[in-house]
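Chemist: My structure is in upload-v9.tsv, and what it holds is TSV, C-alpha atoms and all ligand atoms:
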chain	number	residue	atom	x	y	z
A	1	MET	CA	6.87	-24.25	4.23
A	2	ALA	CA	9.00	-23.05	1.32
A	3	ARG	CA	12.70	-23.89	1.58
A	4	VAL	CA	14.47	-20.83	2.97
A	5	TYR	CA	18.18	-20.73	2.12
A	6	ARG	CA	20.52	-19.21	4.71
A	7	GLU	CA	24.20	-18.30	4.58
A	8	GLY	CA	25.34	-21.77	5.69
A	9	ASP	CA	23.53	-23.45	2.76
A	10	ILE	CA	25.36	-21.39	0.13
A	11	GLY	CA	28.87	-21.38	-1.33
A	12	ASN	CA	31.32	-18.70	-2.41
A	13	GLU	CA	31.05	-19.14	-6.18
A	14	ILE	CA	30.44	-15.41	-6.71
A	15	MET	CA	33.90	-14.65	-5.25
A	16	GLN	CA	35.49	-16.40	-8.25
A	17	ARG	CA	33.53	-14.24	-10.72
A	18	LYS	CA	33.92	-10.68	-11.97
A	19	VAL	CA	30.60	-8.91	-11.41
A	20	ALA	CA	29.39	-5.91	-13.44
A	21	ILE	CA	26.58	-3.87	-11.89
A	22	LEU	CA	24.85	-1.84	-14.61
A	23	GLY	CA	23.32	1.30	-13.12
A	24	TYR	CA	24.17	2.93	-9.80
A	25	GLY	CA	20.79	4.02	-8.46
A	26	SER	CA	18.68	2.62	-5.63
A	27	GLN	CA	19.48	-1.07	-6.19
A	28	GLY	CA	22.74	-0.56	-8.09
A	29	HIS	CA	24.67	1.16	-5.33
A	30	ALA	CA	23.47	-1.37	-2.74
A	31	HIS	CA	24.39	-4.46	-4.80
A	32	ALA	CA	27.78	-3.03	-5.82
A	33	LEU	CA	28.80	-1.96	-2.31
A	34	ASN	CA	27.44	-5.05	-0.53
A	35	LEU	CA	29.20	-7.38	-2.98
A	36	LYS	CA	32.44	-5.41	-2.70
A	37	ASP	CA	32.28	-5.51	1.10
A	38	SER	CA	31.62	-9.28	0.88
A	39	GLY	CA	34.92	-9.65	-1.01
A	40	CYS	CA	33.73	-9.72	-4.64
A	41	GLU	CA	35.43	-8.15	-7.60
A	42	VAL	CA	32.93	-5.54	-8.78
A	43	ALA	CA	32.78	-2.91	-11.52
A	44	VAL	CA	29.94	-0.47	-12.21
A	45	GLY	CA	28.77	0.00	-15.80
A	46	LEU	CA	27.32	3.40	-16.76
A	47	TYR	CA	26.72	5.40	-19.91
A	48	GLU	CA	29.01	8.30	-20.89
A	49	GLY	CA	28.00	11.39	-18.93
A	50	SER	CA	26.01	9.52	-16.27
A	51	LYS	CA	25.19	11.56	-13.17
A	52	SER	CA	25.98	8.49	-11.03
A	53	LYS	CA	29.60	8.18	-12.13
A	54	ALA	CA	31.12	10.54	-9.55
A	55	LYS	CA	29.17	8.89	-6.74
A	56	ALA	CA	30.28	5.36	-7.68
A	57	GLU	CA	33.90	6.50	-7.93
A	58	SER	CA	33.81	8.33	-4.62
A	59	ASP	CA	32.39	5.13	-3.08
A	60	GLY	CA	35.62	3.42	-4.20
A	61	LEU	CA	34.24	1.48	-7.18
A	62	GLN	CA	35.75	1.15	-10.65
A	63	VAL	CA	33.43	2.57	-13.30
A	64	MET	CA	33.42	1.50	-16.95
A	65	THR	CA	31.11	2.05	-19.87
A	66	THR	CA	28.21	-0.41	-19.97
A	67	ALA	CA	29.78	-2.22	-22.96
A	68	ASP	CA	33.25	-2.45	-21.38
A	69	ALA	CA	31.83	-3.63	-18.06
A	70	THR	CA	29.89	-6.38	-19.84
A	71	ARG	CA	32.98	-7.52	-21.80
A	72	TRP	CA	35.06	-7.50	-18.59
A	73	ALA	CA	32.54	-9.41	-16.46
A	74	ASP	CA	31.49	-13.02	-15.87
A	75	VAL	CA	28.22	-11.92	-14.24
A	76	VAL	CA	26.17	-8.91	-15.39
A	77	MET	CA	23.36	-7.56	-13.19
A	78	LEU	CA	20.98	-5.09	-14.88
A	79	LEU	CA	20.00	-2.42	-12.39
A	80	LEU	CA	18.84	0.37	-14.66
A	81	PRO	CA	15.21	1.47	-14.55
A	82	ASP	CA	13.07	-1.33	-16.05
A	83	GLU	CA	11.81	0.90	-18.86
A	84	LYS	CA	15.39	1.74	-19.98
A	85	GLN	CA	16.72	-1.81	-19.88
A	86	PRO	CA	15.59	-3.13	-23.30
A	87	ALA	CA	17.37	-0.47	-25.40
A	88	VAL	CA	20.57	-0.60	-23.32
A	89	TYR	CA	20.50	-4.40	-23.35
A	90	ARG	CA	20.19	-4.54	-27.13
A	91	SER	CA	22.89	-1.99	-27.93
A	92	GLU	CA	25.47	-2.40	-25.11
A	93	VAL	CA	24.95	-5.72	-23.35
A	94	GLU	CA	23.89	-8.41	-25.80
A	95	PRO	CA	26.68	-7.79	-28.38
A	96	ASN	CA	29.25	-8.27	-25.57
A	97	LEU	CA	27.92	-11.47	-24.00
A	98	SER	CA	29.86	-14.69	-24.35
A	99	GLU	CA	29.34	-18.34	-23.48
A	100	GLY	CA	29.56	-19.15	-19.78
A	101	MET	CA	28.38	-15.71	-18.66
A	102	LEU	CA	25.42	-15.10	-16.36
A	103	VAL	CA	22.88	-12.31	-16.88
A	104	LEU	CA	20.92	-11.32	-13.79
A	105	PHE	CA	17.86	-9.17	-13.10
A	106	ALA	CA	16.46	-7.83	-9.82
A	107	HIS	CA	12.91	-7.87	-11.19
A	108	GLY	CA	11.48	-10.16	-13.85
A	109	PHE	CA	9.44	-7.65	-15.89
A	110	ASN	CA	11.52	-7.47	-19.07
A	111	ILE	CA	12.12	-11.22	-19.30
A	112	HIS	CA	8.61	-12.30	-18.34
A	113	PHE	CA	6.92	-9.79	-20.65
A	114	ASN	CA	9.33	-10.51	-23.55
A	115	GLN	CA	11.02	-7.11	-23.73
A	116	ILE	CA	14.46	-8.77	-23.49
A	117	GLN	CA	15.57	-12.18	-24.78
A	118	VAL	CA	18.87	-13.58	-23.49
A	119	PRO	CA	20.58	-16.02	-25.90
A	120	PRO	CA	20.46	-19.72	-24.96
A	121	HIS	CA	24.25	-20.10	-24.51
A	122	VAL	CA	24.19	-17.53	-21.67
A	123	ASP	CA	22.92	-18.29	-18.15
A	124	LEU	CA	19.90	-16.29	-16.99
A	125	GLY	CA	18.75	-15.69	-13.45
A	126	LEU	CA	17.01	-13.45	-10.97
A	127	VAL	CA	18.03	-12.11	-7.56
A	128	ALA	CA	15.22	-9.90	-6.33
A	129	PRO	CA	15.67	-8.24	-2.94
A	130	LYS	CA	12.31	-7.65	-1.30
A	131	GLY	CA	12.75	-4.00	-0.38
A	132	PRO	CA	14.18	-0.63	-1.43
A	133	GLY	CA	17.87	-0.44	-2.39
A	134	HIS	CA	18.78	2.09	0.28
A	135	VAL	CA	17.42	-0.23	2.96
A	136	LEU	CA	19.28	-3.19	1.38
A	137	ARG	CA	22.51	-1.25	1.89
A	138	ARG	CA	21.62	-0.01	5.39
A	139	LEU	CA	20.74	-3.50	6.65
A	140	TYR	CA	23.99	-4.94	5.25
A	141	VAL	CA	26.06	-2.26	7.01
A	142	GLU	CA	24.22	-3.03	10.26
A	143	GLY	CA	25.21	-6.71	9.90
A	144	LYS	CA	21.67	-7.71	8.93
A	145	GLY	CA	20.16	-8.73	5.61
A	146	MET	CA	17.12	-8.19	3.41
A	147	PRO	CA	15.26	-11.27	2.15
A	148	SER	CA	15.61	-12.01	-1.57
A	149	LEU	CA	13.98	-14.25	-4.11
A	150	PHE	CA	16.04	-16.09	-6.71
A	151	ALA	CA	15.23	-17.88	-9.95
A	152	VAL	CA	17.22	-19.87	-12.47
A	153	ALA	CA	15.70	-19.47	-15.96
A	154	ASN	CA	18.58	-20.88	-18.02
A	155	ASP	CA	21.51	-22.96	-16.82
A	156	ALA	CA	23.70	-23.42	-19.90
A	157	SER	CA	26.91	-23.66	-17.85
A	158	GLY	CA	25.57	-26.12	-15.29
A	159	GLU	CA	26.74	-23.72	-12.56
A	160	ALA	CA	24.06	-21.04	-12.74
A	161	ARG	CA	22.13	-22.10	-9.67
A	162	ASP	CA	25.15	-22.04	-7.33
A	163	VAL	CA	26.40	-18.71	-8.69
A	164	ILE	CA	22.96	-17.09	-8.42
A	165	LEU	CA	22.49	-18.24	-4.83
A	166	SER	CA	26.00	-17.09	-4.02
A	167	TYR	CA	25.23	-13.65	-5.49
A	168	ALA	CA	22.18	-13.43	-3.20
A	169	ARG	CA	24.43	-14.31	-0.27
A	170	GLY	CA	26.96	-11.67	-1.39
A	171	ILE	CA	24.40	-8.87	-1.12
A	172	GLY	CA	23.60	-10.05	2.43
A	173	SER	CA	20.32	-11.86	1.87
A	174	GLY	CA	21.63	-15.12	3.38
A	175	ARG	CA	21.44	-13.40	6.75
A	176	ALA	CA	17.66	-13.02	6.33
A	177	GLY	CA	16.42	-15.72	3.94
A	178	ILE	CA	16.44	-16.57	0.23
A	179	ILE	CA	13.52	-18.33	-1.45
A	180	GLU	CA	13.36	-19.89	-4.93
A	181	THR	CA	10.82	-18.59	-7.41
A	182	THR	CA	10.32	-18.19	-11.17
A	183	PHE	CA	10.46	-15.04	-13.30
A	184	GLU	CA	6.70	-15.35	-13.71
A	185	GLU	CA	5.90	-15.60	-10.02
A	186	GLU	CA	8.32	-12.86	-8.98
A	187	THR	CA	7.10	-10.46	-11.66
A	188	GLU	CA	3.40	-10.94	-10.98
A	189	THR	CA	3.63	-10.89	-7.17
A	190	ASP	CA	6.04	-7.92	-7.14
A	191	LEU	CA	3.78	-5.85	-9.41
A	192	PHE	CA	0.71	-6.84	-7.42
A	193	GLY	CA	2.34	-6.03	-4.07
A	194	GLU	CA	3.50	-2.59	-5.13
A	195	GLN	CA	0.23	-1.70	-6.89
A	196	ALA	CA	-2.41	-3.07	-4.55
A	197	VAL	CA	-0.72	-2.79	-1.16
A	198	LEU	CA	2.71	-1.23	-0.67
A	199	CYS	CA	2.67	1.79	-2.95
A	200	GLY	CA	-0.69	2.19	-4.69
A	201	GLY	CA	-3.01	0.93	-1.96
A	202	LEU	CA	-1.05	2.59	0.81
A	203	SER	CA	-0.67	6.04	-0.71
A	204	ALA	CA	-4.38	6.09	-1.60
A	205	LEU	CA	-5.26	5.05	1.97
A	206	LEU	CA	-3.09	7.79	3.49
A	207	LYS	CA	-4.46	10.49	1.18
A	208	ALA	CA	-8.06	9.41	1.82
A	209	GLY	CA	-7.54	9.51	5.60
A	210	PHE	CA	-5.80	12.89	5.49
A	211	ASP	CA	-8.45	14.41	3.19
A	212	THR	CA	-11.34	13.08	5.32
A	213	LEU	CA	-10.02	14.84	8.43
A	214	VAL	CA	-9.12	18.08	6.63
A	215	GLU	CA	-12.50	18.22	4.84
A	216	ALA	CA	-14.19	17.80	8.24
A	217	GLY	CA	-12.44	20.97	9.43
A	218	TYR	CA	-9.53	19.56	11.44
A	219	GLN	CA	-6.05	21.12	11.25
A	220	PRO	CA	-3.99	19.70	8.34
A	221	GLU	CA	-0.92	19.38	10.57
A	222	LEU	CA	-2.81	17.09	12.95
A	223	ALA	CA	-4.22	15.13	10.05
A	224	TYR	CA	-0.69	14.62	8.75
A	225	TYR	CA	0.68	13.42	12.12
A	226	GLU	CA	-2.31	11.13	12.58
A	227	CYS	CA	-2.70	9.58	9.15
A	228	VAL	CA	0.81	9.70	7.66
A	229	ASN	CA	3.63	10.34	10.12
A	230	GLU	CA	2.54	7.78	12.69
A	231	LEU	CA	2.37	5.05	10.06
A	232	LYS	CA	6.12	4.50	10.33
A	233	LEU	CA	5.82	3.73	14.02
A	234	ILE	CA	2.96	1.29	13.47
A	235	VAL	CA	4.75	-0.41	10.56
A	236	ASP	CA	7.92	-0.81	12.64
A	237	LEU	CA	5.88	-2.70	15.25
A	238	ILE	CA	4.35	-4.96	12.57
A	239	TYR	CA	7.81	-5.56	11.07
A	240	GLU	CA	9.13	-6.62	14.48
A	241	GLY	CA	6.20	-8.62	15.82
A	242	GLY	CA	3.48	-9.07	13.23
A	243	LEU	CA	-0.05	-7.70	13.69
A	244	ALA	CA	-0.21	-9.16	17.21
A	245	GLY	CA	3.01	-7.35	18.14
A	246	MET	CA	1.52	-4.07	16.90
A	247	ARG	CA	-1.74	-4.70	18.77
A	248	TYR	CA	0.18	-5.45	21.95
A	249	SER	CA	1.65	-1.94	21.89
A	250	ILE	CA	-1.42	0.06	20.93
A	251	SER	CA	-4.21	0.79	23.42
A	252	ASN	CA	-7.16	-1.58	23.81
A	253	THR	CA	-9.30	1.23	22.46
A	254	ALA	CA	-7.20	1.39	19.30
A	255	GLU	CA	-7.27	-2.40	19.02
A	256	TYR	CA	-11.08	-2.51	19.30
A	257	GLY	CA	-11.32	0.21	16.63
A	258	ASP	CA	-8.93	-1.79	14.45
A	259	TYR	CA	-11.25	-4.84	14.50
A	260	THR	CA	-14.48	-2.90	14.01
A	261	ALA	CA	-13.46	-0.24	11.46
A	262	GLY	CA	-10.79	-2.03	9.39
A	263	PRO	CA	-13.20	-4.34	7.53
A	264	LYS	CA	-15.38	-1.32	6.66
A	265	VAL	CA	-12.44	0.36	4.90
A	266	ILE	CA	-11.12	-2.76	3.18
A	267	ASP	CA	-14.08	-4.98	2.31
A	268	GLU	CA	-14.95	-7.66	-0.25
A	269	GLY	CA	-15.39	-4.93	-2.88
A	270	THR	CA	-11.77	-3.89	-2.33
A	271	LYS	CA	-10.69	-7.50	-2.73
A	272	ASP	CA	-12.68	-7.80	-5.95
A	273	ARG	CA	-10.80	-4.78	-7.28
A	274	MET	CA	-7.51	-6.31	-6.10
A	275	ARG	CA	-8.34	-9.43	-8.12
A	276	GLU	CA	-8.96	-7.19	-11.12
A	277	ILE	CA	-5.55	-5.55	-10.64
A	278	LEU	CA	-3.97	-9.01	-10.46
A	279	ALA	CA	-5.79	-10.13	-13.60
A	280	ASN	CA	-4.48	-7.09	-15.49
A	281	ILE	CA	-0.95	-7.96	-14.40
A	282	GLN	CA	-1.32	-11.64	-15.36
A	283	SER	CA	-2.80	-10.87	-18.78
A	284	GLY	CA	0.04	-8.49	-19.65
A	285	LYS	CA	-2.33	-5.51	-19.87
A	286	PHE	CA	-0.44	-3.53	-17.23
A	287	ALA	CA	2.89	-4.34	-18.92
A	288	ARG	CA	1.59	-3.24	-22.32
A	289	ASP	CA	0.23	0.03	-20.89
A	290	TRP	CA	3.55	0.80	-19.15
A	291	VAL	CA	5.62	-0.01	-22.25
A	292	LEU	CA	3.33	2.20	-24.40
A	293	GLU	CA	3.40	4.97	-21.79
A	294	ASN	CA	7.19	5.02	-22.08
A	295	GLN	CA	7.00	5.08	-25.86
A	296	ALA	CA	4.88	8.21	-25.42
A	297	GLY	CA	7.72	9.80	-23.45
A	298	GLY	CA	6.01	9.20	-20.10
A	299	ALA	CA	3.50	11.99	-20.80
A	300	SER	CA	0.83	10.95	-18.32
A	301	PHE	CA	3.32	9.38	-15.86
A	302	LEU	CA	5.20	12.68	-15.50
A	303	ALA	CA	2.00	14.75	-15.32
A	304	GLN	CA	0.77	12.50	-12.53
A	305	ARG	CA	4.09	12.85	-10.67
A	306	ARG	CA	3.77	16.67	-10.83
A	307	ARG	CA	0.13	16.65	-9.67
A	308	GLU	CA	0.82	14.36	-6.74
A	309	ALA	CA	3.82	16.42	-5.59
A	310	ALA	CA	1.56	19.50	-5.35
A	311	LEU	CA	-1.05	17.87	-3.04
A	312	PRO	CA	-1.70	19.55	0.34
A	313	VAL	CA	-0.66	16.40	2.22
A	314	GLU	CA	2.80	16.68	0.62
A	315	LYS	CA	3.16	20.40	1.40
A	316	VAL	CA	2.15	19.99	5.05
A	317	GLY	CA	4.39	16.95	5.38
A	318	ALA	CA	7.42	18.75	3.95
A	319	GLU	CA	6.96	21.64	6.42
A	320	LEU	CA	6.60	19.36	9.43
A	321	ARG	CA	9.57	17.18	8.41
A	322	ALA	CA	11.74	20.30	7.97
A	323	LEU	CA	10.82	21.43	11.50
A	324	ALA	CA	11.64	17.99	12.92
A	325	ALA	CA	14.99	17.92	11.07
A	326	GLU	CA	15.81	21.40	12.40
A	327	GLY	CA	14.97	20.30	15.93
A	328	ALA	CA	17.11	17.18	15.67
A	329	GLU	CA	20.03	19.18	14.31
A	330	ALA	CA	19.77	21.71	17.14
A	331	ALA	CA	19.64	18.91	19.71
A	332	ALA	CA	22.69	17.18	18.19
A	333	GLY	CA	24.62	20.47	18.29
A	334	SER	CA	23.97	21.23	21.97
A	335	PRO	CA	26.10	19.43	24.61
A	336	ALA	CA	23.10	18.59	26.77
A	337	GLY	CA	21.36	16.92	23.83
A	338	GLY	CA	18.87	19.76	23.60
A	339	GLN	CA	17.88	19.54	27.27
A	340	SER	CA	19.64	22.72	28.45
B	401	LIG	P1	17.09	3.50	-10.55
B	401	LIG	O1	16.07	4.34	-11.20
B	401	LIG	O2	17.49	3.87	-9.16
B	401	LIG	O3	18.42	3.44	-11.49
B	401	LIG	C1	19.05	4.57	-11.83
B	401	LIG	C2	20.44	4.23	-12.34
B	401	LIG	O4	20.40	3.77	-13.68
B	401	LIG	C3	21.31	5.47	-12.31
B	401	LIG	O5	22.64	5.10	-12.01
B	401	LIG	C4	21.17	5.97	-13.74
B	401	LIG	O6	22.19	6.82	-14.14
B	401	LIG	C5	21.23	4.64	-14.45
B	401	LIG	N1	20.76	4.77	-15.82
B	401	LIG	C6	19.67	5.41	-16.26
B	401	LIG	N2	19.56	5.30	-17.59
B	401	LIG	C7	20.64	4.60	-17.98
B	401	LIG	C8	21.13	4.18	-19.23
B	401	LIG	N3	20.45	4.47	-20.35
B	401	LIG	N4	22.28	3.47	-19.27
B	401	LIG	C9	22.96	3.17	-18.16
B	401	LIG	N5	22.55	3.56	-16.92
B	401	LIG	C10	21.41	4.26	-16.85
B	401	LIG	O7	16.65	1.96	-10.64
B	401	LIG	P2	16.14	1.02	-9.45
B	401	LIG	O8	17.28	0.69	-8.57
B	401	LIG	O9	14.88	1.56	-8.87
B	401	LIG	O10	15.72	-0.27	-10.29
B	401	LIG	C11	16.68	-1.12	-10.86
B	401	LIG	C12	16.08	-2.51	-11.00
B	401	LIG	O11	15.86	-3.06	-9.71
B	401	LIG	C13	14.73	-2.55	-11.70
B	401	LIG	O12	14.67	-3.74	-12.43
B	401	LIG	C14	13.74	-2.58	-10.56
B	401	LIG	O13	12.49	-3.15	-10.89
B	401	LIG	C15	14.50	-3.46	-9.58
B	401	LIG	N6	14.10	-3.28	-8.18
B	401	LIG	C16	14.12	-2.03	-7.65
B	401	LIG	C17	13.84	-1.85	-6.32
B	401	LIG	C18	14.08	-0.51	-5.68
B	401	LIG	O14	14.32	-0.49	-4.48
B	401	LIG	N7	14.06	0.61	-6.37
B	401	LIG	C19	13.40	-2.98	-5.46
B	401	LIG	C20	13.56	-4.27	-6.10
B	401	LIG	C21	13.85	-4.40	-7.43
B	401	LIG	P3	22.05	8.45	-13.96
B	401	LIG	O15	22.43	8.73	-12.54
B	401	LIG	O16	23.00	9.04	-14.93
B	401	LIG	O17	20.62	8.79	-14.26
B	402	MG	MG	9.22	-5.14	-4.98
B	403	MG	MG	8.87	-3.67	-8.20
Go through the file and emit its structure as structure tokens.
Modeler:
Amino acid sequence: MARVYREGDIGNEIMQRKVAILGYGSQGHAHALNLKDSGCEVAVGLYEGSKSKAKAESDGLQVMTTADATRWADVVMLLLPDEKQPAVYRSEVEPNLSEGMLVLFAHGFNIHFNQIQVPPHVDLGLVAPKGPGHVLRRLYVEGKGMPSLFAVANDASGEARDVILSYARGIGSGRAGIIETTFEEETETDLFGEQAVLCGGLSALLKAGFDTLVEAGYQPELAYYECVNELKLIVDLIYEGGLAGMRYSISNTAEYGDYTAGPKVIDEGTKDRMREILANIQSGKFARDWVLENQAGGASFLAQRRREAALPVEKVGAELRALAAEGAEAAAGSPAGGQS
């Protein structure tokens, strides 16, 4: 089994460093607030006119320009969108780096695919939480943690490894588990996971299930409850107890259907296509396409986002979620918890 680092294995090196978090979005707000609550000295770096500035300030954080935050800091974590990092790195970050500093990423894309090169006198590492930023923050507040991967790509100071691990502890990951990796492994597995399973595979599976029922004449609302809404409940059971834990809670009928139908949906052909997706990631083809797509102003990316938002499954889902939110609000407002 891989070595899993826990809180007790890790020191407090990050507490002796000034940490600049560049970007205050999904990951940025979670890293900044978790580190601050762990006792770190944190500043947020943003561009002039950033929409995130007011939010970071109202969360009690000091906000500087990206260049000032980099000059001020010992450790700089880049948490802007991957596609925006190279330009910001070149103009605001790199000119302000000095010997002994540590540059961190939460995903290896730009280093592994050569979009950013960090000079050899500066330490370079990775702390990649394995989940969305808003959940990283929520778990920390609940006293729990999200697992993270870490990597040391350059240790010019001789202290990089301890500081990187300590950063991972500071965001709460020592409560769950921290595993060592490389930029290459993190980048390729992260891209594969989100494309084949978590985001790409899953959203295609949900849409296909929903469409099959609706095309067969069933009510779209039922199709949504069945194929999309209930997923959360099933995933929670898997998260808590693995597949066996989920199968313990579902009916024997559902479990029998799981064994007999599952392999018909996901078969060897699907796995062949997954291997193709992985090969495109490993060869750099996916990275090249995504970099070029951004150079084209995201033309097809944004068109796709618009088309997907207009799908029937999204419209039905929005209506049903609004009803559920209304119901919950009404229940919270009535003294008998909605029972009267
Ligand atoms: P977001 O898209 O949420 O980041 C948005 C933030 O970046 C906002 O504060 C935005 O400011 C700021 N920003 C945008 N452009 C610039 C700029 N030119 N200069 C300075 N700040 C800018 O990013 P994510 O949190 O999704 O991703 C950050 C990194 O974390 C990526 O490397 C990603 O791969 C990695 N990661 C993300 C995960 C996630 O949960 N999303 C999971 C694990 C890793 P404004 O408000 O003004 O637009
Ligand atoms: Mg990921
Ligand atoms: Mg990712």
Chemist: Give me, as a compact mmCIF listing (two decimals) with C-alpha atoms, in the coordinates of the input, all polymer residues having an atom no more than 8 Å from region 85-96 of chain A, counting only C-alpha atoms and skipping those fewer than 6 positions away in the same chain.
Modeler:
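Below you can see part.txt, which holds the result:
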# COMPACT_ATOMS: atom_id res chain seq x y z
CA THR A 66 28.21 -0.41 -19.97
CA ALA A 67 29.78 -2.22 -22.96
CA THR A 70 29.89 -6.38 -19.84
CA ARG A 71 32.98 -7.52 -21.80
CA LEU A 78 20.98 -5.09 -14.88
CA ASN A 110 11.52 -7.47 -19.07
CA GLN A 115 11.02 -7.11 -23.73
CA ILE A 116 14.46 -8.77 -23.49
CA VAL A 118 18.87 -13.58 -23.49
Chemist: Between A:Glu226, A:Glu13, A:Asp190, A:Asp82, which residue has the minimum interatomic distance to ligand MG 402 (chain B), considering all atoms listed in the file?
Modeler: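 The shortest atom-to-atom distance to ligand MG 402 (chain B) comes from A:Asp190.
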Chemist: Enter the distance from CA of Tyr225 (chain A) to CA of Glu319 (chain A), in Å, rounded to one decimal.
Modeler: 11.8 Å
Chemist: Considering all atoms listed in the file, state which residue in the set A:Asp9, A:Glu180, A:Glu188, A:Asp272 is at the smallest distance from ligand LIG 401 (chain B).
Modeler: A:Glu188
Chemist: What is the distance, in Å and to one decimal place, between CA of Gln304 (chain A) and CA of Ala325 (chain A)?
Modeler: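 Those two atoms sit 28.1 Å apart.
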Chemist: Residues near region 18-32 of chain A, anyone? I mean within 6 Å using only C-alpha atoms, not counting same-chain ones fewer than 2 positions away, as a list in words.
Modeler: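 My list of contacting residues is Asn34, Leu35, Glu41, Val42, Ala43, Val44, Gly45, Leu46, Ser52, Ala69, Ala73, Asp74, Val75, Val76, Met77, Leu78, Leu79, Leu80, Gly133, His134, Arg137 and Ile171 of chain A.
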